[in-house]
Amino acid sequence: MTDITVLRPDEAPPVARAVALAPRVELPERPTIGLVANGKPLAKELLGVLAQELGTALGREVDVVLVEKASAAKQLEEARADELAATVDVAIAGLGDCGACSTCSLYDAVTMERRGVPSTVLITEPFQTLIASLAAKLGAPGYHTLSVPHPVWGKDEDELRALARPIVATAIAQLVRSRVAA
């Protein structure tokens, strides 16, 4: 069951429970990347290309577990999140290219973080401000995102790869503990 919170302008808004990011660790020799595709056009394709590019950048084989949601406007179900958390090393949720799907994808990433899985959310650039605002309201101020130019729809595999490549280093920095001591 979902709780509904009614916000009233004459009352202070509820304080969100702070989200502790999952610990970032070095990945195993053959990591498993969880992809939460929200059903938007080309979401699973872009996420898949990004996972391939991550494997290339890491210099190792990666396994992928793809979860396809029935609707971009719905959050990942608790049972599916539990199953995914039990099988993956890191997770990427997306594609956020509108208001509702961007916010639901952020919820999905935060859901995985709460289960101890380092995660991030993939959105298009116009929704960065919206996600930053919502992340703060969810108790995760400053939560990181991967963003690509808008729109994604209508692109072929080469164009999707061209979107994914520039964000690979950022994805690694957001998901994996650096081997270099700070």
# chains A, B, ... in the order shown; residues from 1 in each chain; ligands from 1
call {"tool": "select_by_dssp", "arguments": {"residues": "range 82-116 of chain A", "states": "helix (DSSP H, G or I)", "output": "MDAnalysis selection string"}}
result
chainID A and resid 82:85 99:114
call {"tool": "write_last_selection", "arguments": {"atoms": "C-alpha atoms", "output": "PDB file, in the first residue's frame"}}
result
ATOM      1  CA  ASP A  82      14.648  -6.675  -3.697  1.00  0.00           C
ATOM      2  CA  GLU A  83      15.317  -9.264  -6.432  1.00  0.00           C
ATOM      3  CA  LEU A  84      17.496  -6.858  -8.384  1.00  0.00           C
ATOM      4  CA  ALA A  85      19.449  -5.799  -5.291  1.00  0.00           C
ATOM      5  CA  GLY A  99       8.793  15.110 -15.775  1.00  0.00           C
ATOM      6  CA  ALA A 100       6.998  11.977 -14.571  1.00  0.00           C
ATOM      7  CA  CYS A 101       9.472   9.457 -15.954  1.00  0.00           C
ATOM      8  CA  SER A 102      12.451  11.421 -14.648  1.00  0.00           C
ATOM      9  CA  THR A 103      11.021  11.535 -11.143  1.00  0.00           C
ATOM     10  CA  CYS A 104      10.060   7.847 -11.158  1.00  0.00           C
ATOM     11  CA  SER A 105      13.535   6.930 -12.402  1.00  0.00           C
ATOM     12  CA  LEU A 106      15.052   8.953  -9.550  1.00  0.00           C
ATOM     13  CA  TYR A 107      12.818   7.085  -7.097  1.00  0.00           C
ATOM     14  CA  ASP A 108      14.055   3.820  -8.628  1.00  0.00           C
ATOM     15  CA  ALA A 109      17.710   4.792  -8.160  1.00  0.00           C
ATOM     16  CA  VAL A 110      17.095   5.901  -4.568  1.00  0.00           C
ATOM     17  CA  THR A 111      15.179   2.667  -3.929  1.00  0.00           C
ATOM     18  CA  MET A 112      18.256   0.700  -5.001  1.00  0.00           C
ATOM     19  CA  GLU A 113      20.547   2.906  -2.879  1.00  0.00           C
ATOM     20  CA  ARG A 114      18.385   2.114   0.154  1.00  0.00           C
TER      21      ARG A 114
END
call {"tool": "residues_around", "arguments": {"residues": "range 158-171 of chain A", "least_positions_apart": "5", "cutoff": "8 Å", "atoms": "only C-alpha atoms", "output": "PyMOL selection string"}}
result
chain A and resi 45-46+49-50+53-54+57+120+146-149+152
call {"tool": "residues_around", "arguments": {"residues": "range 153-156 of chain A", "least_positions_apart": "6", "cutoff": "9 Å", "atoms": "only C-alpha atoms", "output": "MDAnalysis selection string"}}
result
chainID A and resid 40:43
call {"tool": "closest_residue", "arguments": {"among": "A:Val88, A:Asp3, A:Ala37, A:Glu29", "to": "Leu66 in chain A", "atoms": "only C-alpha atoms"}}
result
A:Ala37
call {"tool": "atom_distance", "arguments": {"atom1": "CA of Lys137 in chain A", "atom2": "CA of Thr124 in chain A"}}
result
20.2 Å
call {"tool": "atom_distance", "arguments": {"atom1": "CA of Ala72 in chain A", "atom2": "CA of Gly94 in chain A"}}
result
8.7 Å
call {"tool": "decode", "arguments": {"residues": "range 24-176 of chain A", "atoms": "C-alpha atoms", "output": "PDB file, in the first residue's frame"}}
result
ATOM      1  CA  ARG A  24      30.988   2.475  -3.332  1.00  0.00           C
ATOM      2  CA  VAL A  25      33.388  -0.442  -3.648  1.00  0.00           C
ATOM      3  CA  GLU A  26      35.704  -1.809  -6.285  1.00  0.00           C
ATOM      4  CA  LEU A  27      33.782  -3.999  -8.680  1.00  0.00           C
ATOM      5  CA  PRO A  28      34.389  -7.738  -8.943  1.00  0.00           C
ATOM      6  CA  GLU A  29      36.284  -9.095 -11.940  1.00  0.00           C
ATOM      7  CA  ARG A  30      32.976  -9.702 -13.761  1.00  0.00           C
ATOM      8  CA  PRO A  31      30.462  -7.212 -12.358  1.00  0.00           C
ATOM      9  CA  THR A  32      26.719  -7.349 -12.845  1.00  0.00           C
ATOM     10  CA  ILE A  33      25.036  -4.110 -13.826  1.00  0.00           C
ATOM     11  CA  GLY A  34      21.344  -3.724 -13.112  1.00  0.00           C
ATOM     12  CA  LEU A  35      19.409  -1.651 -15.620  1.00  0.00           C
ATOM     13  CA  VAL A  36      15.955  -0.367 -14.745  1.00  0.00           C
ATOM     14  CA  ALA A  37      14.373   0.607 -18.065  1.00  0.00           C
ATOM     15  CA  ASN A  38      11.181   2.549 -17.633  1.00  0.00           C
ATOM     16  CA  GLY A  39       9.529   1.757 -20.962  1.00  0.00           C
ATOM     17  CA  LYS A  40      10.256   5.063 -22.671  1.00  0.00           C
ATOM     18  CA  PRO A  41      11.256   4.792 -26.332  1.00  0.00           C
ATOM     19  CA  LEU A  42      14.913   3.695 -26.557  1.00  0.00           C
ATOM     20  CA  ALA A  43      15.382   3.586 -22.755  1.00  0.00           C
ATOM     21  CA  LYS A  44      16.497  -0.050 -22.659  1.00  0.00           C
ATOM     22  CA  GLU A  45      18.594   0.414 -25.798  1.00  0.00           C
ATOM     23  CA  LEU A  46      20.458   3.440 -24.403  1.00  0.00           C
ATOM     24  CA  LEU A  47      20.938   1.750 -21.040  1.00  0.00           C
ATOM     25  CA  GLY A  48      22.223  -1.376 -22.807  1.00  0.00           C
ATOM     26  CA  VAL A  49      24.723   0.592 -24.868  1.00  0.00           C
ATOM     27  CA  LEU A  50      25.837   2.411 -21.708  1.00  0.00           C
ATOM     28  CA  ALA A  51      26.416  -0.939 -19.960  1.00  0.00           C
ATOM     29  CA  GLN A  52      28.508  -2.135 -22.924  1.00  0.00           C
ATOM     30  CA  GLU A  53      30.545   1.062 -22.861  1.00  0.00           C
ATOM     31  CA  LEU A  54      31.059   0.697 -19.091  1.00  0.00           C
ATOM     32  CA  GLY A  55      32.444  -2.801 -19.658  1.00  0.00           C
ATOM     33  CA  THR A  56      34.808  -1.474 -22.306  1.00  0.00           C
ATOM     34  CA  ALA A  57      35.997   1.361 -20.064  1.00  0.00           C
ATOM     35  CA  LEU A  58      36.480  -1.026 -17.141  1.00  0.00           C
ATOM     36  CA  GLY A  59      38.367  -3.430 -19.396  1.00  0.00           C
ATOM     37  CA  ARG A  60      36.282  -6.450 -18.419  1.00  0.00           C
ATOM     38  CA  GLU A  61      33.230  -8.474 -19.229  1.00  0.00           C
ATOM     39  CA  VAL A  62      30.049  -7.313 -17.535  1.00  0.00           C
ATOM     40  CA  ASP A  63      26.801  -9.138 -16.994  1.00  0.00           C
ATOM     41  CA  VAL A  64      23.561  -7.215 -17.301  1.00  0.00           C
ATOM     42  CA  VAL A  65      20.263  -7.747 -15.539  1.00  0.00           C
ATOM     43  CA  LEU A  66      17.531  -5.780 -17.275  1.00  0.00           C
ATOM     44  CA  VAL A  67      14.294  -4.918 -15.498  1.00  0.00           C
ATOM     45  CA  GLU A  68      11.648  -3.426 -17.762  1.00  0.00           C
ATOM     46  CA  LYS A  69       8.914  -1.516 -15.992  1.00  0.00           C
ATOM     47  CA  ALA A  70       5.397  -1.599 -17.407  1.00  0.00           C
ATOM     48  CA  SER A  71       5.107   2.185 -17.223  1.00  0.00           C
ATOM     49  CA  ALA A  72       7.510   5.093 -17.054  1.00  0.00           C
ATOM     50  CA  ALA A  73       5.138   6.769 -14.609  1.00  0.00           C
ATOM     51  CA  LYS A  74       5.366   4.025 -11.996  1.00  0.00           C
ATOM     52  CA  GLN A  75       8.050   3.277  -9.467  1.00  0.00           C
ATOM     53  CA  LEU A  76       9.913  -0.003  -9.316  1.00  0.00           C
ATOM     54  CA  GLU A  77       7.927  -2.479  -7.244  1.00  0.00           C
ATOM     55  CA  GLU A  78       9.455  -3.371  -3.869  1.00  0.00           C
ATOM     56  CA  ALA A  79       9.698  -7.103  -4.680  1.00  0.00           C
ATOM     57  CA  ARG A  80      11.448  -6.435  -7.996  1.00  0.00           C
ATOM     58  CA  ALA A  81      13.822  -4.006  -6.286  1.00  0.00           C
ATOM     59  CA  ASP A  82      14.648  -6.675  -3.697  1.00  0.00           C
ATOM     60  CA  GLU A  83      15.317  -9.264  -6.432  1.00  0.00           C
ATOM     61  CA  LEU A  84      17.496  -6.858  -8.384  1.00  0.00           C
ATOM     62  CA  ALA A  85      19.449  -5.799  -5.291  1.00  0.00           C
ATOM     63  CA  ALA A  86      20.252  -9.430  -4.544  1.00  0.00           C
ATOM     64  CA  THR A  87      21.848  -9.977  -7.964  1.00  0.00           C
ATOM     65  CA  VAL A  88      23.637  -6.791  -9.081  1.00  0.00           C
ATOM     66  CA  ASP A  89      26.724  -4.842  -8.075  1.00  0.00           C
ATOM     67  CA  VAL A  90      25.522  -1.446  -9.358  1.00  0.00           C
ATOM     68  CA  ALA A  91      22.345  -0.102 -10.961  1.00  0.00           C
ATOM     69  CA  ILE A  92      21.307   2.553 -13.453  1.00  0.00           C
ATOM     70  CA  ALA A  93      17.680   3.693 -13.750  1.00  0.00           C
ATOM     71  CA  GLY A  94      16.236   5.595 -16.694  1.00  0.00           C
ATOM     72  CA  LEU A  95      15.478   7.042 -19.104  1.00  0.00           C
ATOM     73  CA  GLY A  96      14.136  10.269 -17.722  1.00  0.00           C
ATOM     74  CA  ASP A  97      13.122  12.465 -20.638  1.00  0.00           C
ATOM     75  CA  CYS A  98       9.973  14.024 -19.215  1.00  0.00           C
ATOM     76  CA  GLY A  99       8.793  15.110 -15.775  1.00  0.00           C
ATOM     77  CA  ALA A 100       6.998  11.977 -14.571  1.00  0.00           C
ATOM     78  CA  CYS A 101       9.472   9.457 -15.954  1.00  0.00           C
ATOM     79  CA  SER A 102      12.451  11.421 -14.648  1.00  0.00           C
ATOM     80  CA  THR A 103      11.021  11.535 -11.143  1.00  0.00           C
ATOM     81  CA  CYS A 104      10.060   7.847 -11.158  1.00  0.00           C
ATOM     82  CA  SER A 105      13.535   6.930 -12.402  1.00  0.00           C
ATOM     83  CA  LEU A 106      15.052   8.953  -9.550  1.00  0.00           C
ATOM     84  CA  TYR A 107      12.818   7.085  -7.097  1.00  0.00           C
ATOM     85  CA  ASP A 108      14.055   3.820  -8.628  1.00  0.00           C
ATOM     86  CA  ALA A 109      17.710   4.792  -8.160  1.00  0.00           C
ATOM     87  CA  VAL A 110      17.095   5.901  -4.568  1.00  0.00           C
ATOM     88  CA  THR A 111      15.179   2.667  -3.929  1.00  0.00           C
ATOM     89  CA  MET A 112      18.256   0.700  -5.001  1.00  0.00           C
ATOM     90  CA  GLU A 113      20.547   2.906  -2.879  1.00  0.00           C
ATOM     91  CA  ARG A 114      18.385   2.114   0.154  1.00  0.00           C
ATOM     92  CA  ARG A 115      18.987  -1.570  -0.592  1.00  0.00           C
ATOM     93  CA  GLY A 116      22.751  -1.095  -0.567  1.00  0.00           C
ATOM     94  CA  VAL A 117      23.295  -0.981  -4.336  1.00  0.00           C
ATOM     95  CA  PRO A 118      25.328   1.945  -5.716  1.00  0.00           C
ATOM     96  CA  SER A 119      23.014   3.529  -8.267  1.00  0.00           C
ATOM     97  CA  THR A 120      22.478   6.498 -10.525  1.00  0.00           C
ATOM     98  CA  VAL A 121      19.743   7.879 -12.746  1.00  0.00           C
ATOM     99  CA  LEU A 122      19.966   8.603 -16.473  1.00  0.00           C
ATOM    100  CA  ILE A 123      17.989  11.648 -17.621  1.00  0.00           C
ATOM    101  CA  THR A 124      18.010  14.163 -20.429  1.00  0.00           C
ATOM    102  CA  GLU A 125      19.444  17.618 -19.770  1.00  0.00           C
ATOM    103  CA  PRO A 126      16.203  19.648 -19.454  1.00  0.00           C
ATOM    104  CA  PHE A 127      15.229  17.687 -16.327  1.00  0.00           C
ATOM    105  CA  GLN A 128      18.357  18.282 -14.235  1.00  0.00           C
ATOM    106  CA  THR A 129      16.782  21.048 -12.149  1.00  0.00           C
ATOM    107  CA  LEU A 130      13.627  19.016 -11.516  1.00  0.00           C
ATOM    108  CA  ILE A 131      15.647  15.996 -10.363  1.00  0.00           C
ATOM    109  CA  ALA A 132      17.911  18.111  -8.149  1.00  0.00           C
ATOM    110  CA  SER A 133      14.846  19.587  -6.451  1.00  0.00           C
ATOM    111  CA  LEU A 134      13.139  16.230  -5.993  1.00  0.00           C
ATOM    112  CA  ALA A 135      16.329  14.564  -4.739  1.00  0.00           C
ATOM    113  CA  ALA A 136      16.520  17.114  -1.938  1.00  0.00           C
ATOM    114  CA  LYS A 137      12.875  16.455  -1.042  1.00  0.00           C
ATOM    115  CA  LEU A 138      13.584  12.710  -0.982  1.00  0.00           C
ATOM    116  CA  GLY A 139      16.393  13.187   1.523  1.00  0.00           C
ATOM    117  CA  ALA A 140      19.185  12.868  -1.032  1.00  0.00           C
ATOM    118  CA  PRO A 141      20.280  16.463  -1.700  1.00  0.00           C
ATOM    119  CA  GLY A 142      22.941  16.660  -4.378  1.00  0.00           C
ATOM    120  CA  TYR A 143      22.148  13.168  -5.692  1.00  0.00           C
ATOM    121  CA  HIS A 144      24.103  12.573  -8.846  1.00  0.00           C
ATOM    122  CA  THR A 145      22.699  12.069 -12.335  1.00  0.00           C
ATOM    123  CA  LEU A 146      23.896  11.059 -15.742  1.00  0.00           C
ATOM    124  CA  SER A 147      22.485  13.410 -18.336  1.00  0.00           C
ATOM    125  CA  VAL A 148      22.429  13.295 -22.108  1.00  0.00           C
ATOM    126  CA  PRO A 149      21.076  15.793 -24.640  1.00  0.00           C
ATOM    127  CA  HIS A 150      17.339  15.825 -25.268  1.00  0.00           C
ATOM    128  CA  PRO A 151      15.647  14.135 -27.116  1.00  0.00           C
ATOM    129  CA  VAL A 152      16.769  10.508 -27.270  1.00  0.00           C
ATOM    130  CA  TRP A 153      13.896   9.097 -29.323  1.00  0.00           C
ATOM    131  CA  GLY A 154      14.511   8.525 -33.018  1.00  0.00           C
ATOM    132  CA  LYS A 155      18.219   7.766 -32.631  1.00  0.00           C
ATOM    133  CA  ASP A 156      19.926   4.703 -34.089  1.00  0.00           C
ATOM    134  CA  GLU A 157      22.482   2.540 -32.244  1.00  0.00           C
ATOM    135  CA  ASP A 158      25.470   4.623 -33.368  1.00  0.00           C
ATOM    136  CA  GLU A 159      23.776   7.804 -32.143  1.00  0.00           C
ATOM    137  CA  LEU A 160      22.913   6.135 -28.831  1.00  0.00           C
ATOM    138  CA  ARG A 161      26.539   5.064 -28.453  1.00  0.00           C
ATOM    139  CA  ALA A 162      27.582   8.666 -29.151  1.00  0.00           C
ATOM    140  CA  LEU A 163      25.308   9.741 -26.261  1.00  0.00           C
ATOM    141  CA  ALA A 164      26.627   7.046 -23.915  1.00  0.00           C
ATOM    142  CA  ARG A 165      30.380   7.415 -24.428  1.00  0.00           C
ATOM    143  CA  PRO A 166      30.766  10.903 -22.928  1.00  0.00           C
ATOM    144  CA  ILE A 167      29.032   9.875 -19.669  1.00  0.00           C
ATOM    145  CA  VAL A 168      30.922   6.621 -19.034  1.00  0.00           C
ATOM    146  CA  ALA A 169      33.643   8.193 -16.871  1.00  0.00           C
ATOM    147  CA  THR A 170      30.985  10.029 -14.858  1.00  0.00           C
ATOM    148  CA  ALA A 171      29.019   6.805 -14.383  1.00  0.00           C
ATOM    149  CA  ILE A 172      32.110   5.015 -13.111  1.00  0.00           C
ATOM    150  CA  ALA A 173      32.877   7.880 -10.735  1.00  0.00           C
ATOM    151  CA  GLN A 174      29.303   7.780  -9.398  1.00  0.00           C
ATOM    152  CA  LEU A 175      29.103   4.003  -8.978  1.00  0.00           C
ATOM    153  CA  VAL A 176      32.546   2.642  -8.124  1.00  0.00           C
TER     154      VAL A 176
END
